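Participant: What follows is model-v3.txt, compact mmCIF, C-alpha atoms.
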```
# COMPACT_ATOMS: atom_id res chain seq x y z
CA MET A 1401 22.32 -85.28 -20.67
CA LEU A 1402 21.90 -85.25 -16.89
CA GLY A 1403 24.46 -86.82 -14.60
CA LEU A 1404 24.42 -87.33 -10.85
CA GLY A 1405 27.84 -87.45 -9.18
CA ILE A 1406 28.47 -88.85 -5.72
CA GLU A 1407 31.63 -87.94 -3.80
CA SER A 1408 32.54 -89.70 -0.54
CA THR A 1409 36.29 -90.30 -0.58
CA ALA A 1410 37.10 -88.67 2.79
CA HIS A 1411 35.35 -86.07 4.98
CA THR A 1412 32.87 -84.83 2.37
CA PHE A 1413 29.66 -86.49 1.26
CA SER A 1414 28.42 -84.60 -1.76
CA CYS A 1415 25.94 -85.04 -4.58
CA ALA A 1416 25.80 -82.88 -7.69
CA VAL A 1417 23.77 -82.80 -10.87
CA ILE A 1418 25.38 -81.54 -14.07
CA GLU A 1419 23.67 -81.02 -17.40
CA LYS A 1420 25.85 -81.62 -20.43
CA LYS A 1421 24.83 -80.36 -23.85
CA GLY A 1422 27.47 -81.12 -26.49
CA THR A 1423 30.73 -79.75 -25.15
CA ARG A 1424 29.05 -77.41 -22.67
CA SER A 1425 28.35 -78.43 -19.09
CA LYS A 1426 26.36 -76.62 -16.42
CA ILE A 1427 26.29 -77.38 -12.70
CA LEU A 1428 22.62 -77.48 -11.68
CA SER A 1429 23.27 -78.30 -8.03
CA ASP A 1430 26.13 -79.26 -5.73
CA VAL A 1431 25.21 -80.12 -2.15
CA ARG A 1432 27.68 -81.19 0.55
CA SER A 1433 27.81 -82.38 4.12
CA ILE A 1434 31.25 -82.40 5.73
CA TYR A 1435 32.33 -84.63 8.62
CA GLN A 1436 33.94 -82.51 11.30
CA PRO A 1437 36.28 -84.36 13.66
CA PRO A 1438 36.82 -82.99 17.18
CA ASP A 1439 39.45 -80.21 17.44
CA GLY A 1440 42.98 -81.55 17.32
CA GLN A 1441 41.89 -84.86 15.75
CA GLY A 1442 42.05 -86.17 12.19
CA ILE A 1443 39.50 -88.04 10.10
CA HIS A 1444 38.51 -91.36 11.64
CA PRO A 1445 37.46 -93.43 8.59
CA ARG A 1446 34.59 -95.26 10.32
CA GLU A 1447 33.31 -92.12 12.01
CA ALA A 1448 33.42 -90.29 8.66
CA SER A 1449 31.56 -93.17 6.98
CA ARG A 1450 28.89 -93.06 9.72
CA HIS A 1451 28.50 -89.35 9.00
CA HIS A 1452 28.04 -90.19 5.30
CA VAL A 1453 25.44 -92.88 6.07
CA LYS A 1454 23.51 -90.44 8.25
CA ASN A 1455 23.56 -87.62 5.69
CA ALA A 1456 23.49 -89.38 2.30
CA ALA A 1457 19.73 -89.37 1.76
CA ILE A 1458 19.38 -85.75 2.96
CA VAL A 1459 22.17 -84.53 0.66
CA LEU A 1460 20.80 -86.50 -2.30
CA SER A 1461 17.27 -85.20 -1.81
CA GLU A 1462 18.42 -81.57 -1.52
CA CYS A 1463 20.67 -81.98 -4.56
CA LEU A 1464 17.81 -83.27 -6.74
CA GLN A 1465 15.45 -80.58 -5.46
CA LYS A 1466 17.91 -77.77 -6.19
CA ALA A 1467 18.55 -79.14 -9.69
CA LYS A 1468 14.77 -79.53 -10.17
CA VAL A 1469 15.14 -83.10 -11.39
CA LYS A 1470 13.89 -86.51 -10.27
CA VAL A 1471 15.98 -89.66 -10.07
CA ASN A 1472 14.17 -90.98 -13.15
CA ASP A 1473 15.34 -87.95 -15.16
CA LEU A 1474 19.00 -88.88 -14.67
CA ASP A 1475 20.86 -90.37 -17.64
CA ILE A 1476 23.87 -91.58 -15.67
CA ILE A 1477 25.10 -91.95 -12.09
CA SER A 1478 28.79 -91.72 -11.28
CA TYR A 1479 30.57 -92.19 -7.98
CA ALA A 1480 34.09 -91.66 -6.66
CA ALA A 1481 35.58 -95.17 -6.66
CA GLY A 1482 38.96 -94.10 -5.31
CA PRO A 1483 41.47 -93.19 -4.12
CA GLY A 1484 40.16 -92.61 -0.62
CA LEU A 1485 39.22 -94.09 2.73
CA GLY A 1486 37.68 -97.57 2.33
CA PRO A 1487 34.64 -97.18 4.61
CA CYS A 1488 33.83 -93.76 3.11
CA LEU A 1489 34.22 -94.95 -0.48
CA ARG A 1490 31.90 -97.89 0.19
CA VAL A 1491 29.05 -95.62 1.33
CA GLY A 1492 29.18 -93.61 -1.91
CA ALA A 1493 29.39 -96.80 -3.96
CA VAL A 1494 26.39 -98.35 -2.16
CA VAL A 1495 24.30 -95.21 -2.73
CA ALA A 1496 25.24 -95.13 -6.42
CA ARG A 1497 24.63 -98.86 -6.98
CA SER A 1498 21.28 -98.83 -5.16
CA LEU A 1499 19.98 -95.96 -7.30
CA ALA A 1500 21.50 -97.31 -10.52
CA PHE A 1501 20.00 -100.77 -10.09
CA TYR A 1502 16.61 -99.72 -8.70
CA TYR A 1503 16.01 -97.06 -11.35
CA ASN A 1504 17.93 -98.84 -14.13
CA ILE A 1505 20.41 -96.01 -14.79
CA PRO A 1506 23.93 -96.58 -16.19
CA ILE A 1507 26.66 -96.33 -13.54
CA TYR A 1508 30.27 -95.08 -13.85
CA PRO A 1509 33.06 -95.49 -11.26
CA VAL A 1510 35.22 -92.36 -11.42
CA ASN A 1511 38.75 -91.58 -10.26
CA HIS A 1512 38.56 -88.78 -7.68
CA ALA A 1513 41.79 -87.08 -8.84
CA VAL A 1514 40.67 -87.09 -12.48
CA GLY A 1515 37.48 -85.46 -11.19
CA HIS A 1516 39.46 -82.57 -9.67
CA ILE A 1517 41.30 -82.11 -12.97
CA GLU A 1518 38.25 -82.20 -15.26
CA LEU A 1519 36.20 -79.83 -13.09
CA GLY A 1520 39.15 -77.42 -12.87
CA LYS A 1521 39.52 -77.47 -16.66
CA MET A 1522 35.81 -76.89 -17.19
CA LEU A 1523 35.54 -74.01 -14.73
CA THR A 1524 38.72 -72.19 -15.80
CA GLY A 1525 38.75 -72.91 -19.52
CA ALA A 1526 42.33 -74.25 -19.38
CA LYS A 1527 42.94 -76.39 -22.49
CA LYS A 1528 46.26 -78.19 -22.14
CA PRO A 1529 47.70 -77.28 -18.75
CA LEU A 1530 50.50 -78.52 -16.59
CA LEU A 1531 48.45 -79.63 -13.64
CA LEU A 1532 49.25 -79.06 -9.98
CA LEU A 1533 47.00 -81.16 -7.75
CA VAL A 1534 47.33 -80.09 -4.12
CA SER A 1535 44.99 -81.57 -1.53
CA GLY A 1536 44.80 -83.82 1.50
CA GLY A 1537 45.21 -86.88 -0.72
CA HIS A 1538 47.57 -85.61 -3.41
CA THR A 1539 50.55 -83.43 -4.14
CA MET A 1540 51.32 -84.03 -7.80
CA LEU A 1541 52.51 -82.31 -10.93
CA LEU A 1542 50.80 -83.90 -13.93
CA VAL A 1543 51.06 -83.62 -17.68
CA PHE A 1544 48.60 -85.20 -20.11
CA SER A 1545 50.30 -87.41 -22.67
CA LEU A 1546 49.24 -90.43 -24.76
CA GLY A 1547 45.86 -90.89 -23.10
CA LYS A 1548 46.92 -90.60 -19.47
CA TRP A 1549 47.82 -87.98 -16.90
CA ARG A 1550 51.55 -88.61 -16.33
CA VAL A 1551 53.19 -87.80 -13.03
CA PHE A 1552 55.97 -85.27 -13.53
CA GLY A 1553 56.64 -84.83 -9.85
CA GLU A 1554 54.99 -85.67 -6.54
CA THR A 1555 55.48 -85.86 -2.81
CA LEU A 1556 57.81 -88.55 -1.58
CA ASP A 1557 55.97 -88.87 1.74
CA ILE A 1558 53.00 -86.88 3.08
CA THR A 1559 50.86 -84.54 0.95
CA ILE A 1560 50.66 -80.76 1.37
CA GLY A 1561 47.17 -81.16 2.86
CA GLN A 1562 48.46 -83.70 5.37
CA LEU A 1563 51.34 -81.36 6.25
CA LEU A 1564 48.95 -78.50 7.01
CA ASP A 1565 46.39 -80.68 8.78
CA GLN A 1566 48.91 -82.59 10.91
CA PHE A 1567 50.62 -79.39 11.96
CA GLY A 1568 47.28 -77.69 12.63
CA ARG A 1569 46.00 -80.60 14.71
CA PHE A 1570 49.23 -80.55 16.70
CA ALA A 1571 48.51 -76.87 17.39
CA GLY A 1572 44.97 -77.82 18.47
CA PHE A 1573 43.06 -76.54 15.41
CA ALA A 1574 39.94 -78.11 13.97
CA SER A 1575 40.48 -80.17 10.82
CA PRO A 1576 40.82 -79.19 7.96
CA CYS A 1577 43.40 -76.67 9.20
CA GLY A 1578 44.56 -74.91 6.01
CA LYS A 1579 42.36 -71.81 6.41
CA ARG A 1580 43.41 -71.24 10.04
CA ILE A 1581 47.10 -71.62 9.16
CA GLU A 1582 46.71 -69.20 6.23
CA GLU A 1583 44.99 -66.68 8.50
CA LEU A 1584 47.73 -66.86 11.17
CA ALA A 1585 50.51 -66.82 8.57
CA SER A 1586 49.16 -63.59 7.11
CA LYS A 1587 49.85 -61.85 10.45
CA SER A 1588 53.61 -62.50 10.40
CA CYS A 1589 56.62 -61.94 8.18
CA ASN A 1590 59.19 -63.33 10.58
CA TYR A 1591 60.75 -66.33 8.87
CA ILE A 1592 62.10 -69.21 10.97
CA ALA A 1593 64.43 -71.48 8.97
CA LEU A 1594 62.81 -74.88 8.30
CA PRO A 1595 63.94 -77.89 6.21
CA TYR A 1596 63.50 -77.36 2.48
CA VAL A 1597 63.53 -80.63 0.52
CA VAL A 1598 63.13 -80.71 -3.26
CA ASN A 1599 64.51 -83.79 -4.95
CA GLY A 1600 64.39 -83.35 -8.73
CA ASN A 1601 60.71 -82.73 -9.40
CA ASP A 1602 59.64 -84.34 -6.14
CA VAL A 1603 59.12 -82.79 -2.74
CA SER A 1604 59.24 -84.13 0.81
CA PHE A 1605 57.30 -82.64 3.69
CA SER A 1606 57.76 -85.00 6.64
CA GLY A 1607 60.99 -83.38 7.92
CA LEU A 1608 59.38 -79.97 7.54
CA LEU A 1609 56.42 -81.13 9.64
CA SER A 1610 58.63 -82.45 12.46
CA ALA A 1611 60.74 -79.27 12.49
CA ALA A 1612 57.69 -76.98 12.45
CA LYS A 1613 56.22 -78.84 15.44
CA LEU A 1614 59.49 -78.33 17.34
CA GLU A 1615 59.45 -74.58 16.61
CA ILE A 1616 55.88 -73.98 17.78
CA SER A 1617 57.01 -72.44 21.08
CA LYS A 1618 58.65 -69.58 19.12
CA GLY A 1619 55.20 -68.25 18.20
CA LEU A 1620 52.33 -69.77 16.28
CA GLU A 1621 51.98 -66.97 13.73
CA ASP A 1622 55.71 -67.05 12.87
CA VAL A 1623 55.71 -70.84 12.52
CA CYS A 1624 52.55 -70.83 10.37
CA PHE A 1625 54.14 -68.17 8.15
CA SER A 1626 57.42 -70.10 7.90
CA LEU A 1627 55.64 -73.41 7.26
CA GLN A 1628 53.60 -71.94 4.39
CA GLU A 1629 56.57 -70.07 2.90
CA THR A 1630 58.79 -73.16 2.95
CA ALA A 1631 56.22 -75.65 1.67
CA PHE A 1632 54.85 -73.38 -1.05
CA ALA A 1633 58.35 -72.35 -2.17
CA MET A 1634 59.16 -76.06 -2.58
CA ILE A 1635 56.03 -76.55 -4.67
CA GLY A 1636 56.84 -73.38 -6.62
CA GLU A 1637 60.34 -74.61 -7.43
CA ALA A 1638 59.16 -78.02 -8.61
CA THR A 1639 56.38 -76.39 -10.66
CA GLU A 1640 58.74 -73.90 -12.28
CA ARG A 1641 61.16 -76.67 -13.23
CA ALA A 1642 58.28 -78.69 -14.72
CA LEU A 1643 57.07 -75.68 -16.72
CA ALA A 1644 60.57 -74.97 -18.01
CA PHE A 1645 61.03 -78.61 -19.02
CA THR A 1646 57.62 -79.29 -20.57
CA ARG A 1647 57.23 -75.79 -22.06
CA GLU A 1648 53.51 -75.98 -21.31
CA LYS A 1649 51.88 -72.57 -21.62
CA GLU A 1650 49.17 -73.10 -19.00
CA LEU A 1651 49.33 -73.98 -15.32
CA LEU A 1652 46.15 -75.15 -13.58
CA VAL A 1653 45.98 -75.65 -9.81
CA VAL A 1654 43.22 -77.85 -8.36
CA GLY A 1655 42.50 -79.53 -5.01
CA GLY A 1656 41.58 -78.14 -1.60
CA VAL A 1657 44.90 -76.28 -1.10
CA ALA A 1658 44.39 -74.46 -4.44
CA SER A 1659 42.26 -71.91 -2.59
CA ASN A 1660 45.28 -70.72 -0.54
CA LYS A 1661 46.05 -67.14 -1.62
CA ARG A 1662 49.76 -67.24 -0.73
CA LEU A 1663 50.27 -70.35 -2.88
CA ALA A 1664 48.48 -68.55 -5.73
CA GLU A 1665 50.80 -65.53 -5.32
CA ILE A 1666 53.92 -67.70 -5.54
CA LEU A 1667 52.60 -69.59 -8.56
CA THR A 1668 51.55 -66.36 -10.27
CA SER A 1669 55.14 -65.14 -10.15
CA VAL A 1670 56.35 -68.55 -11.39
CA CYS A 1671 53.98 -68.28 -14.37
CA LYS A 1672 55.08 -64.72 -15.10
CA ARG A 1673 58.72 -65.84 -15.31
CA GLN A 1674 57.80 -68.80 -17.52
CA ASP A 1675 55.46 -66.77 -19.76
CA CYS A 1676 52.58 -69.04 -18.89
CA LYS A 1677 48.87 -68.50 -18.18
CA PHE A 1678 47.84 -69.21 -14.61
CA PHE A 1679 44.51 -70.84 -13.79
CA VAL A 1680 43.21 -71.77 -10.37
CA CYS A 1681 40.04 -73.72 -9.67
CA PRO A 1682 37.44 -71.42 -8.02
CA GLY A 1683 37.45 -71.78 -4.22
CA TYR A 1684 34.01 -73.38 -3.80
CA TYR A 1685 34.85 -76.16 -6.27
CA ALA A 1686 38.57 -76.56 -5.41
CA GLY A 1687 37.89 -79.05 -2.63
CA ASP A 1688 36.01 -82.35 -2.80
CA CYS A 1689 32.55 -82.08 -4.38
CA GLY A 1690 30.01 -84.07 -6.35
CA SER A 1691 30.47 -81.85 -9.42
CA GLN A 1692 33.94 -83.26 -10.09
CA ILE A 1693 32.52 -86.77 -10.13
CA SER A 1694 29.41 -85.93 -12.11
CA LEU A 1695 31.37 -84.14 -14.83
CA THR A 1696 33.95 -86.92 -15.20
CA GLY A 1697 31.17 -89.52 -15.43
CA LEU A 1698 29.48 -87.51 -18.16
CA LEU A 1699 32.76 -87.21 -20.08
CA GLU A 1700 33.31 -90.96 -19.79
CA SER A 1701 29.75 -91.66 -20.92
CA SER A 1702 30.53 -89.90 -24.20
CA VAL A 1703 32.96 -92.68 -25.14
CA LYS A 1704 31.86 -95.78 -23.23
CA ASN A 1705 28.89 -97.56 -21.74
CA GLY A 1706 28.24 -97.81 -18.05
CA VAL A 1707 29.73 -100.59 -15.95
CA LYS A 1708 27.72 -103.67 -14.89
CA ILE A 1709 26.73 -103.32 -11.22
CA GLU A 1710 28.67 -106.49 -10.35
CA ASP A 1711 31.80 -105.01 -11.95
CA THR A 1712 31.66 -101.76 -9.98
CA PHE A 1713 34.39 -101.39 -7.39
CA VAL A 1714 36.11 -99.21 -4.84
CA LYS A 1715 39.89 -98.90 -4.88
CA GLN A 1716 41.54 -97.17 -1.92
CA SER A 1717 44.82 -96.68 -3.79
CA TRP A 1718 43.82 -95.84 -7.35
CA ARG A 1719 46.57 -93.75 -8.86
CA VAL A 1720 45.60 -91.07 -11.35
CA ASP A 1721 48.37 -92.14 -13.74
CA SER A 1722 46.78 -95.58 -14.15
CA VAL A 1723 43.50 -94.17 -15.53
CA GLU A 1724 43.02 -94.32 -19.33
CA ILE A 1725 41.36 -91.16 -20.60
CA ALA A 1726 39.54 -91.88 -23.87
CA TYR A 1727 37.31 -88.82 -24.20
CA MET B 1339 40.13 -123.07 21.04
CA SER B 1340 38.65 -120.40 18.74
CA LEU B 1341 35.03 -119.41 18.88
CA ALA B 1342 32.93 -120.17 15.76
CA VAL B 1343 29.93 -117.89 15.35
CA LYS B 1344 27.11 -117.68 12.80
CA VAL B 1345 24.91 -114.59 12.57
CA GLN B 1346 21.81 -114.44 10.43
CA VAL B 1347 20.07 -111.13 9.74
CA ALA B 1348 16.76 -111.09 7.86
CA LEU B 1349 15.00 -108.09 6.34
CA ASN B 1350 11.39 -109.20 6.18
CA ASN B 1351 8.49 -107.94 4.09
CA ILE B 1352 10.68 -106.27 1.52
CA THR B 1353 9.71 -106.10 -2.14
CA PRO B 1354 11.80 -108.31 -4.47
CA LYS B 1355 12.93 -105.20 -6.40
CA LYS B 1356 14.22 -103.47 -3.26
CA ALA B 1357 15.79 -106.68 -1.96
CA ASN B 1358 17.57 -107.15 -5.25
CA ALA B 1359 18.77 -103.54 -5.31
CA ILE B 1360 20.28 -103.90 -1.83
CA LYS B 1361 21.88 -107.24 -2.71
CA LYS B 1362 23.36 -105.80 -5.90
CA ALA B 1363 24.57 -102.69 -4.07
CA LEU B 1364 26.36 -104.60 -1.33
CA GLU B 1365 27.78 -107.65 -3.09
CA PRO B 1366 30.56 -105.99 -5.11
CA ASP B 1367 32.26 -104.95 -1.83
CA ASN B 1368 31.94 -108.48 -0.45
CA ILE B 1369 35.59 -109.18 -1.27
CA ASP B 1370 38.94 -109.36 0.52
CA PHE B 1371 37.29 -110.45 3.75
CA PRO B 1372 39.60 -111.27 6.65
CA THR B 1373 40.48 -114.97 6.99
CA ASN B 1374 37.79 -116.94 8.83
CA LEU B 1375 35.06 -114.36 8.15
CA SER B 1376 32.47 -114.68 5.38
CA LEU B 1377 29.18 -113.16 4.23
CA ARG B 1378 26.53 -114.60 1.93
CA ILE B 1379 23.41 -112.64 0.88
CA GLU B 1380 20.28 -114.47 -0.34
CA ASN B 1381 16.76 -113.55 -1.41
CA VAL B 1382 14.40 -115.88 0.41
CA ASP B 1383 10.68 -115.40 -0.37
CA ASN B 1384 9.89 -111.84 0.78
CA SER B 1385 13.06 -111.52 2.81
CA LEU B 1386 16.66 -110.59 2.21
CA VAL B 1387 18.90 -112.70 4.43
CA PHE B 1388 22.52 -112.02 5.39
CA TYR B 1389 24.54 -115.02 6.61
CA PHE B 1390 27.73 -114.11 8.47
CA GLN B 1391 30.19 -116.79 9.58
CA ASN B 1392 33.20 -116.14 11.74
CA LYS B 1393 35.88 -118.11 13.53
CA GLY B 1394 38.14 -116.38 16.06
CA ASN B 1395 38.23 -112.58 16.46
CA LEU B 1396 34.66 -111.51 17.30
CA GLN B 1397 35.43 -107.83 16.88
CA LYS B 1398 35.86 -108.30 13.12
CA LEU B 1399 32.43 -109.93 12.93
CA ILE B 1400 30.80 -107.17 14.99
CA SER B 1401 32.39 -104.45 12.83
CA THR B 1402 31.33 -106.21 9.63
CA VAL B 1403 27.71 -106.69 10.75
CA ASP B 1404 27.66 -103.04 11.82
CA GLU B 1405 28.92 -101.75 8.48
CA VAL B 1406 26.69 -104.04 6.40
CA LEU B 1407 23.59 -102.93 8.32
CA GLU B 1408 24.56 -99.28 7.82
CA HIS B 1409 24.82 -99.93 4.09
CA VAL B 1410 21.39 -101.59 4.07
CA GLN B 1411 19.98 -98.57 5.89
CA VAL B 1412 21.48 -96.06 3.46
CA ALA B 1413 20.44 -98.07 0.41
CA LEU B 1414 16.83 -98.24 1.62
CA LYS B 1415 16.77 -94.53 2.41
CA VAL B 1416 18.03 -93.38 -0.99
CA ILE B 1417 15.78 -95.58 -3.11
CA ASP B 1418 12.65 -94.67 -1.11
```
Give the structure from the file, written as structure tokens.

Facilitator:
Amino acid sequence: MLGLGIESTAHTFSCAVIEKKGTRSKILSDVRSIYQPPDGQGIHPREASRHHVKNAAIVLSECLQKAKVKVNDLDIISYAAGPGLGPCLRVGAVVARSLAFYYNIPIYPVNHAVGHIELGKMLTGAKKPLLLLVSGGHTMLLVFSLGKWRVFGETLDITIGQLLDQFGRFAGFASPCGKRIEELASKSCNYIALPYVVNGNDVSFSGLLSAAKLEISKGLEDVCFSLQETAFAMIGEATERALAFTREKELLVVGGVASNKRLAEILTSVCKRQDCKFFVCPGYYAGDCGSQISLTGLLESSVKNGVKIEDTFVKQSWRVDSVEIAY
Amino acid sequence: MSLAVKVQVALNNITPKKANAIKKALEPDNIDFPTNLSLRIENVDNSLVFYFQNKGNLQKLISTVDEVLEHVQVALKVID
């Protein structure tokens, strides 16, 4: 079975084709175009959607060429229906609906966060993990139970990706800022005390962001180091508590921030203490991509029919714990 | 006094199949419009016609026409 997945929730417009044979899935192509805001600025939803409009047909065409398939060969089309930025989501939905209706192909709206999870599971081989989703849109600890991913802990305010991006933009970096912060942090080991807020299984980053901005004059490398150490230690603590409580024997990290090596180091030591296997989504697929959407659509198609075009939707705030998983 | 404006945009010489695909692709998002702004899409002969109606804030109308036309453009590009 061949599935096309379309991702457009924020800065990335991506199309991917996955072939699914029984329980095995293979990524045939995954092409992306990423909106790049000016240095020091964040994603402007309309500007990002204009980028998607401009690049959608190019990305789609390259994706099909790389996979060596034609639109008519596709068995299903899935698109990221949320959560995300409204104008960006609508571009992906319009592309998916146009193709689905014109070529008479079943269509599946997919939850973007579930996409991260399913792709991470497929690529790492994790079976029943405690899930840590760390990205620009999410900071969540999730456990699968009774047909849904249940939230075990999450951020009470901004996400880890927002923390890194907002700090980075304040420092004048180009968005997304995680890589630059990681690079600067690796050059220091001088810790500046910053607010550390873990409330039960939840974390809070807004005070940390304000304090880090105030400390910037003490040296960028030291502040980047201290920001990462504090934020990742908070995530590590919440994760370790969740592992101890749930007694899950696997931890899987997905989302754009999953590619941060310092976070992986901290979580590796957490897993060692909790006698737990550690899985991290491979860097290229950790961030937003069409593969996550394509795979989730294919999984859904194994248990249900496509949605009528008139019933397709976009939902800017579509929480992962509201999605029924039947496959 | 608030300004009442009607804008009509017609895509002419378009095949019924393409017109229908665009209409179907755009209509599901035609919800939760701001008060006093509306959009209706109709197939008329060999044309696809968009009827916008607005009362008051013109910027909302301009932004909506802009986004709808972008969606038409992207839909046409991907099905071609």

Participant: From the set B:Val1382, B:Ala1363, B:Leu1399, B:Gln1391, which residue has the shortest atom-to-atom contact distance to chain A, counting only C-alpha atoms?

Facilitator: B:Ala1363

Participant: Please report as a PyMOL selection string which residues of chain A come no farther than 12 Å from chain B, using all atoms listed in the file.

Facilitator: chain A and resi 1445-1447+1449-1462+1464+1470-1472+1481+1486-1504+1507+1708-1715

Participant: Can you pull out the residues contacting A:Tyr1596? Cut-off 8 Å, using all atoms listed in the file, and skip same-chain residues under 3 positions away; I want them as a ChimeraX atom specification.

Facilitator: /A:1608,1630-1631,1634

Participant: Store the residues of this selection in a file with C-alpha atoms, as a short mmCIF file (atom, residue, chain, number, x, y, z; two decimals), in the coordinates of the input.

Facilitator:
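As written to disk, selection.cif reads:
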```cif
data_model
loop_
_atom_site.label_atom_id
_atom_site.label_comp_id
_atom_site.auth_asym_id
_atom_site.auth_seq_id
_atom_site.Cartn_x
_atom_site.Cartn_y
_atom_site.Cartn_z
CA LEU A 1608 59.38 -79.97 7.54
CA THR A 1630 58.79 -73.16 2.95
CA ALA A 1631 56.22 -75.65 1.67
CA MET A 1634 59.16 -76.06 -2.58
#
```

Participant: Have a look at atom CA of A:Trp1549 and atom CA of A:Val1534 and let me know their distance in Å, one decimal.

Facilitator: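 If I compute the distance from atom CA of A:Trp1549 to atom CA of A:Val1534, I get 15.0 Å.
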
Participant: Just give me the gap between atom CA of A:Pro1529 and atom CA of A:Phe1544 in Å, one decimal is fine.

Facilitator: 8.1 Å

Participant: Figure out the distance between atom CA of A:Met1540 and atom CA of A:Phe1645, please, to one decimal in Å.

Facilitator: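 Between atom CA of A:Phe1645 and atom CA of A:Met1540 the gap works out to 15.8 Å.
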
Participant: Counting only C-alpha atoms, figure out which residue out of B:Thr1373, B:Ser1385, B:Asn1368, B:Gly1394 gets nearest to B:Ala1342.

Facilitator: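 Checking each of B:Thr1373, B:Ser1385, B:Asn1368, B:Gly1394 against B:Ala1342, counting only C-alpha atoms, the winner is B:Gly1394.
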
Participant: Pick out the residues sitting within 9 Å of B:Gln1346, and hand them over as a list in words; count only C-alpha atoms, and ignore anything fewer than 5 positions along from it in its own chain.

Facilitator: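 Answer for this query is Val1387, Phe1388, Tyr1389, Phe1390 and Gln1391 of chain B.
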
Participant: Can you pull out every residue within 12 Å of A:Pro1483, counting only C-alpha atoms, but drop anything in the same chain fewer than 2 positions away, and send it as an NGL selection string?

Facilitator: :A and (1407-1410 or 1479-1481 or 1485-1490 or 1509-1515 or 1536-1538 or 1713-1723)

Participant: Output C-alpha atoms for every residue in the selection just made, as an mmCIF file, keeping the file's coordinate frame.

Facilitator:
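result-v1.cif, written as the output of this step:
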```
data_model
loop_
_atom_site.group_PDB
_atom_site.id
_atom_site.type_symbol
_atom_site.label_atom_id
_atom_site.label_comp_id
_atom_site.auth_asym_id
_atom_site.auth_seq_id
_atom_site.Cartn_x
_atom_site.Cartn_y
_atom_site.Cartn_z
ATOM 1 C CA GLU A 1407 31.630 -87.940 -3.800
ATOM 2 C CA SER A 1408 32.540 -89.700 -0.540
ATOM 3 C CA THR A 1409 36.290 -90.300 -0.580
ATOM 4 C CA ALA A 1410 37.100 -88.670 2.790
ATOM 5 C CA TYR A 1479 30.570 -92.190 -7.980
ATOM 6 C CA ALA A 1480 34.090 -91.660 -6.660
ATOM 7 C CA ALA A 1481 35.580 -95.170 -6.660
ATOM 8 C CA LEU A 1485 39.220 -94.090 2.730
ATOM 9 C CA GLY A 1486 37.680 -97.570 2.330
ATOM 10 C CA PRO A 1487 34.640 -97.180 4.610
ATOM 11 C CA CYS A 1488 33.830 -93.760 3.110
ATOM 12 C CA LEU A 1489 34.220 -94.950 -0.480
ATOM 13 C CA ARG A 1490 31.900 -97.890 0.190
ATOM 14 C CA PRO A 1509 33.060 -95.490 -11.260
ATOM 15 C CA VAL A 1510 35.220 -92.360 -11.420
ATOM 16 C CA ASN A 1511 38.750 -91.580 -10.260
ATOM 17 C CA HIS A 1512 38.560 -88.780 -7.680
ATOM 18 C CA ALA A 1513 41.790 -87.080 -8.840
ATOM 19 C CA VAL A 1514 40.670 -87.090 -12.480
ATOM 20 C CA GLY A 1515 37.480 -85.460 -11.190
ATOM 21 C CA GLY A 1536 44.800 -83.820 1.500
ATOM 22 C CA GLY A 1537 45.210 -86.880 -0.720
ATOM 23 C CA HIS A 1538 47.570 -85.610 -3.410
ATOM 24 C CA PHE A 1713 34.390 -101.390 -7.390
ATOM 25 C CA VAL A 1714 36.110 -99.210 -4.840
ATOM 26 C CA LYS A 1715 39.890 -98.900 -4.880
ATOM 27 C CA GLN A 1716 41.540 -97.170 -1.920
ATOM 28 C CA SER A 1717 44.820 -96.680 -3.790
ATOM 29 C CA TRP A 1718 43.820 -95.840 -7.350
ATOM 30 C CA ARG A 1719 46.570 -93.750 -8.860
ATOM 31 C CA VAL A 1720 45.600 -91.070 -11.350
ATOM 32 C CA ASP A 1721 48.370 -92.140 -13.740
ATOM 33 C CA SER A 1722 46.780 -95.580 -14.150
ATOM 34 C CA VAL A 1723 43.500 -94.170 -15.530
#
```

Participant: Between A:Ile1693, A:Ala1611, A:Ile1635, A:Val1657, which is the closest to A:Glu1554 once you count only C-alpha atoms?

Facilitator: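 For A:Glu1554, the nearest of the given residues is A:Ile1635.
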